[in-house]
Amino acid sequence: MICDFCTFPVVAWRFEATPFGLDYGHAIATSDSGWAACEECAELILAGDRGGLVERALRISPGIPGAPEDEVRELQRWAHDLFFIHRLDIPPARIEAVMPC
Ligand SMILES: [Zn+2]
C-alpha cells in the first residue's frame, strides 16, 4: 500500500472519504473509499497545510516524465482538492503496519 497523497510506500493513517471519480481526460480513476496517508502527509492534512501536502507529493514523486513541474503541481493540487471535497468529517484511523510475508 502506498500513500495516496505522495506515493510514499509506508502508510500509517486512513482518511475516510465518499467515493468519487477523477477525470484525467485521457483516463478516469475512481476513488471508492478512504485515502491512505503516510505519517508526514497525515500531519500536513491535520494541520490543514494543503500547500505543504502538494510540495511533499512533488518531492516524493516528481511525476510525469516530460511534463512541466507547474502542470504536475496543478494536477496534484486538483486531485488533493477532490479528496478534501469528499473527505468525511471523522478522525483518521490508524493503519497497522502489515509485514510482508
Ligand atoms: Zn504521503
# chains A, B, ... in the order shown; residues from 1 in each chain; ligands from 1
>>> residues_near_ligand(ligand="ligand 1", cutoff="7 Å", atoms="only C-alpha atoms and all ligand atoms", output="ChimeraX atom specification")
/A:3-8,37-41,57
>>> write_last_selection(atoms="C-alpha atoms", output="JSON list (two decimals), in the first residue's frame")
[["chain", "number", "residue", "atom", "x", "y", "z"],
["A", 3, "CYS", "CA", 0.34, 6.89, 0.40],
["A", 4, "ASP", "CA", -2.49, 8.21, -1.78],
["A", 5, "PHE", "CA", -1.18, 11.73, -1.39],
["A", 6, "CYS", "CA", 2.55, 11.41, -2.07],
["A", 7, "THR", "CA", 3.03, 7.73, -3.04],
["A", 8, "PHE", "CA", 5.41, 7.11, -0.13],
["A", 37, "ALA", "CA", -1.72, 8.58, 4.14],
["A", 38, "CYS", "CA", 1.84, 8.30, 5.40],
["A", 39, "GLU", "CA", 2.81, 9.84, 8.73],
["A", 40, "GLU", "CA", 4.05, 13.08, 7.15],
["A", 41, "CYS", "CA", 1.03, 13.63, 4.93],
["A", 57, "ALA", "CA", 3.90, 14.92, -3.11]]
>>> residues_around(residues="A:Ile90", least_positions_apart="2", cutoff="12 Å", atoms="only C-alpha atoms", output="PDB file with N, CA, C and O atoms, in the first residue's frame")
ATOM      1  N   ARG A  14      -5.574   6.250   7.688  1.00  0.00           N
ATOM      2  CA  ARG A  14      -6.592   6.169   6.656  1.00  0.00           C
ATOM      3  C   ARG A  14      -7.618   7.268   6.906  1.00  0.00           C
ATOM      4  O   ARG A  14      -8.209   7.349   7.987  1.00  0.00           O
ATOM      5  N   PHE A  15      -7.802   8.114   5.886  1.00  0.00           N
ATOM      6  CA  PHE A  15      -8.778   9.194   5.969  1.00  0.00           C
ATOM      7  C   PHE A  15      -9.998   8.783   5.158  1.00  0.00           C
ATOM      8  O   PHE A  15      -9.865   8.436   3.984  1.00  0.00           O
ATOM      9  N   GLU A  16     -11.155   8.811   5.783  1.00  0.00           N
ATOM     10  CA  GLU A  16     -12.369   8.380   5.088  1.00  0.00           C
ATOM     11  C   GLU A  16     -12.897   9.458   4.154  1.00  0.00           C
ATOM     12  O   GLU A  16     -12.845  10.648   4.465  1.00  0.00           O
ATOM     13  N   ALA A  17     -13.394   9.001   3.012  1.00  0.00           N
ATOM     14  CA  ALA A  17     -13.995   9.920   2.046  1.00  0.00           C
ATOM     15  C   ALA A  17     -15.084   9.171   1.298  1.00  0.00           C
ATOM     16  O   ALA A  17     -15.058   7.940   1.233  1.00  0.00           O
ATOM     17  N   THR A  18     -16.023   9.902   0.741  1.00  0.00           N
ATOM     18  CA  THR A  18     -17.049   9.259  -0.067  1.00  0.00           C
ATOM     19  C   THR A  18     -16.451   8.960  -1.446  1.00  0.00           C
ATOM     20  O   THR A  18     -15.507   9.627  -1.867  1.00  0.00           O
ATOM     21  N   GLY A  34     -11.797   5.438   1.444  1.00  0.00           N
ATOM     22  CA  GLY A  34     -10.845   6.345   2.078  1.00  0.00           C
ATOM     23  C   GLY A  34      -9.503   6.390   1.382  1.00  0.00           C
ATOM     24  O   GLY A  34      -9.206   5.580   0.512  1.00  0.00           O
ATOM     25  N   LEU A  46      -3.865  17.129   8.816  1.00  0.00           N
ATOM     26  CA  LEU A  46      -4.476  17.549  10.075  1.00  0.00           C
ATOM     27  C   LEU A  46      -4.157  19.001  10.389  1.00  0.00           C
ATOM     28  O   LEU A  46      -4.924  19.697  11.045  1.00  0.00           O
ATOM     29  N   HIS A  86     -14.476  15.586  -0.759  1.00  0.00           N
ATOM     30  CA  HIS A  86     -15.224  14.377  -0.435  1.00  0.00           C
ATOM     31  C   HIS A  86     -14.867  13.773   0.913  1.00  0.00           C
ATOM     32  O   HIS A  86     -15.392  12.745   1.308  1.00  0.00           O
ATOM     33  N   ARG A  87     -13.949  14.410   1.582  1.00  0.00           N
ATOM     34  CA  ARG A  87     -13.500  13.873   2.862  1.00  0.00           C
ATOM     35  C   ARG A  87     -14.628  13.879   3.888  1.00  0.00           C
ATOM     36  O   ARG A  87     -15.401  14.820   3.970  1.00  0.00           O
ATOM     37  N   LEU A  88     -14.725  12.799   4.653  1.00  0.00           N
ATOM     38  CA  LEU A  88     -15.721  12.730   5.715  1.00  0.00           C
ATOM     39  C   LEU A  88     -15.127  13.347   6.974  1.00  0.00           C
ATOM     40  O   LEU A  88     -13.928  13.210   7.244  1.00  0.00           O
ATOM     41  N   PRO A  92      -8.979  10.358  11.376  1.00  0.00           N
ATOM     42  CA  PRO A  92      -8.346   9.276  10.619  1.00  0.00           C
ATOM     43  C   PRO A  92      -8.166   8.034  11.480  1.00  0.00           C
ATOM     44  O   PRO A  92      -8.060   8.131  12.697  1.00  0.00           O
ATOM     45  N   ALA A  93      -8.162   6.879  10.837  1.00  0.00           N
ATOM     46  CA  ALA A  93      -7.959   5.619  11.551  1.00  0.00           C
ATOM     47  C   ALA A  93      -6.531   5.141  11.333  1.00  0.00           C
ATOM     48  O   ALA A  93      -5.993   5.254  10.235  1.00  0.00           O
TER      49      ALA A  93
END
>>> residues_around(residues="A:Arg73", least_positions_apart="2", cutoff="9 Å", atoms="only C-alpha atoms", output="list in words")
Val54, Glu55, Ala57, Leu58, Gly63, Pro68, Glu69, Asp70, Glu71, Leu75, Gln76, Arg77 and Trp78 of chain A
>>> write_last_selection(atoms="all heavy atoms", output="compact mmCIF listing (two decimals), in the first residue's frame")
# COMPACT_ATOMS: atom_id res chain seq x y z
N VAL A 54 1.03 19.34 -1.20
CA VAL A 54 1.35 19.29 -2.63
C VAL A 54 2.87 19.27 -2.83
O VAL A 54 3.39 18.50 -3.64
CB VAL A 54 0.72 20.50 -3.37
CG1 VAL A 54 1.25 20.59 -4.79
CG2 VAL A 54 -0.79 20.39 -3.38
N GLU A 55 3.59 20.11 -2.07
CA GLU A 55 5.04 20.15 -2.22
C GLU A 55 5.67 18.82 -1.84
O GLU A 55 6.60 18.35 -2.48
CB GLU A 55 5.64 21.28 -1.36
CG GLU A 55 5.27 22.68 -1.83
CD GLU A 55 5.50 22.87 -3.34
OE1 GLU A 55 6.57 22.47 -3.86
OE2 GLU A 55 4.59 23.41 -4.01
N ALA A 57 4.23 15.87 -2.05
CA ALA A 57 3.90 14.92 -3.11
C ALA A 57 4.87 15.09 -4.28
O ALA A 57 5.34 14.11 -4.86
CB ALA A 57 2.46 15.12 -3.57
N LEU A 58 5.21 16.33 -4.61
CA LEU A 58 6.12 16.58 -5.73
C LEU A 58 7.53 16.12 -5.40
O LEU A 58 8.28 15.68 -6.26
CB LEU A 58 6.13 18.07 -6.09
CG LEU A 58 4.86 18.57 -6.76
CD1 LEU A 58 4.93 20.08 -6.97
CD2 LEU A 58 4.64 17.89 -8.10
N GLY A 63 6.72 12.87 -10.60
CA GLY A 63 5.61 12.78 -11.52
C GLY A 63 5.92 12.40 -12.94
O GLY A 63 6.77 11.57 -13.20
N PRO A 68 5.79 19.63 -17.54
CA PRO A 68 6.30 20.77 -16.77
C PRO A 68 5.89 20.67 -15.31
O PRO A 68 4.79 20.21 -15.01
CB PRO A 68 5.66 21.99 -17.43
CG PRO A 68 4.96 21.51 -18.64
CD PRO A 68 4.84 20.02 -18.57
N GLU A 69 6.78 21.10 -14.41
CA GLU A 69 6.52 20.97 -12.98
C GLU A 69 5.23 21.67 -12.58
O GLU A 69 4.47 21.17 -11.74
CB GLU A 69 7.70 21.55 -12.19
CG GLU A 69 7.66 21.13 -10.72
CD GLU A 69 8.79 21.77 -9.92
OE1 GLU A 69 9.95 21.48 -10.25
OE2 GLU A 69 8.50 22.55 -9.01
N ASP A 70 4.96 22.83 -13.18
CA ASP A 70 3.74 23.56 -12.83
C ASP A 70 2.50 22.74 -13.11
O ASP A 70 1.53 22.76 -12.35
CB ASP A 70 3.65 24.85 -13.66
CG ASP A 70 4.57 25.92 -13.10
OD1 ASP A 70 5.21 25.64 -12.06
OD2 ASP A 70 4.65 27.00 -13.70
N GLU A 71 2.55 22.02 -14.23
CA GLU A 71 1.40 21.22 -14.62
C GLU A 71 1.19 20.07 -13.65
O GLU A 71 0.07 19.76 -13.26
CB GLU A 71 1.64 20.66 -16.02
CG GLU A 71 0.51 20.93 -16.98
CD GLU A 71 0.92 20.60 -18.40
OE1 GLU A 71 0.97 19.42 -18.73
OE2 GLU A 71 1.23 21.56 -19.15
N LEU A 75 -2.02 19.38 -11.21
CA LEU A 75 -2.72 18.11 -11.24
C LEU A 75 -2.80 17.53 -9.83
O LEU A 75 -3.83 17.02 -9.39
CB LEU A 75 -1.96 17.16 -12.17
CG LEU A 75 -2.71 15.92 -12.66
CD1 LEU A 75 -3.91 16.33 -13.51
CD2 LEU A 75 -1.78 15.03 -13.48
N GLN A 76 -1.68 17.63 -9.14
CA GLN A 76 -1.59 17.11 -7.78
C GLN A 76 -2.56 17.87 -6.87
O GLN A 76 -3.29 17.28 -6.08
CB GLN A 76 -0.15 17.32 -7.30
CG GLN A 76 0.24 16.50 -6.11
CD GLN A 76 0.27 15.02 -6.42
OE1 GLN A 76 -0.64 14.29 -6.10
NE2 GLN A 76 1.33 14.58 -7.07
N ARG A 77 -2.55 19.19 -7.00
CA ARG A 77 -3.42 20.03 -6.18
C ARG A 77 -4.89 19.71 -6.46
O ARG A 77 -5.70 19.61 -5.55
CB ARG A 77 -3.13 21.50 -6.49
CG ARG A 77 -3.61 22.45 -5.40
CD ARG A 77 -3.51 23.90 -5.83
NE ARG A 77 -2.17 24.27 -6.25
CZ ARG A 77 -1.20 24.63 -5.41
NH1 ARG A 77 -1.42 24.69 -4.13
NH2 ARG A 77 -0.01 24.96 -5.86
N TRP A 78 -5.18 19.50 -7.72
CA TRP A 78 -6.55 19.21 -8.14
C TRP A 78 -7.02 17.88 -7.53
O TRP A 78 -8.13 17.77 -7.01
CB TRP A 78 -6.59 19.19 -9.67
CG TRP A 78 -7.82 18.62 -10.27
CD1 TRP A 78 -9.03 19.24 -10.36
CD2 TRP A 78 -7.97 17.32 -10.85
NE1 TRP A 78 -9.92 18.39 -10.98
CE2 TRP A 78 -9.30 17.22 -11.28
CE3 TRP A 78 -7.10 16.24 -11.05
CZ2 TRP A 78 -9.79 16.07 -11.91
CZ3 TRP A 78 -7.59 15.11 -11.66
CH2 TRP A 78 -8.92 15.03 -12.09
>>> closest_residue(among="A:Ile64, A:Ala42, A:Leu22, A:Ala47", to="A:Asp81", atoms="only C-alpha atoms")
A:Leu22
>>> atom_distance(atom1="atom CA of A:Gly48", atom2="atom CA of A:Phe84")
10.2 Å
>>> atom_distance(atom1="atom CA of A:Gly25", atom2="atom CA of A:Val72")
14.2 Å
>>> atom_distance(atom1="atom CA of A:Ala36", atom2="atom CA of A:Ile2")
7.2 Å
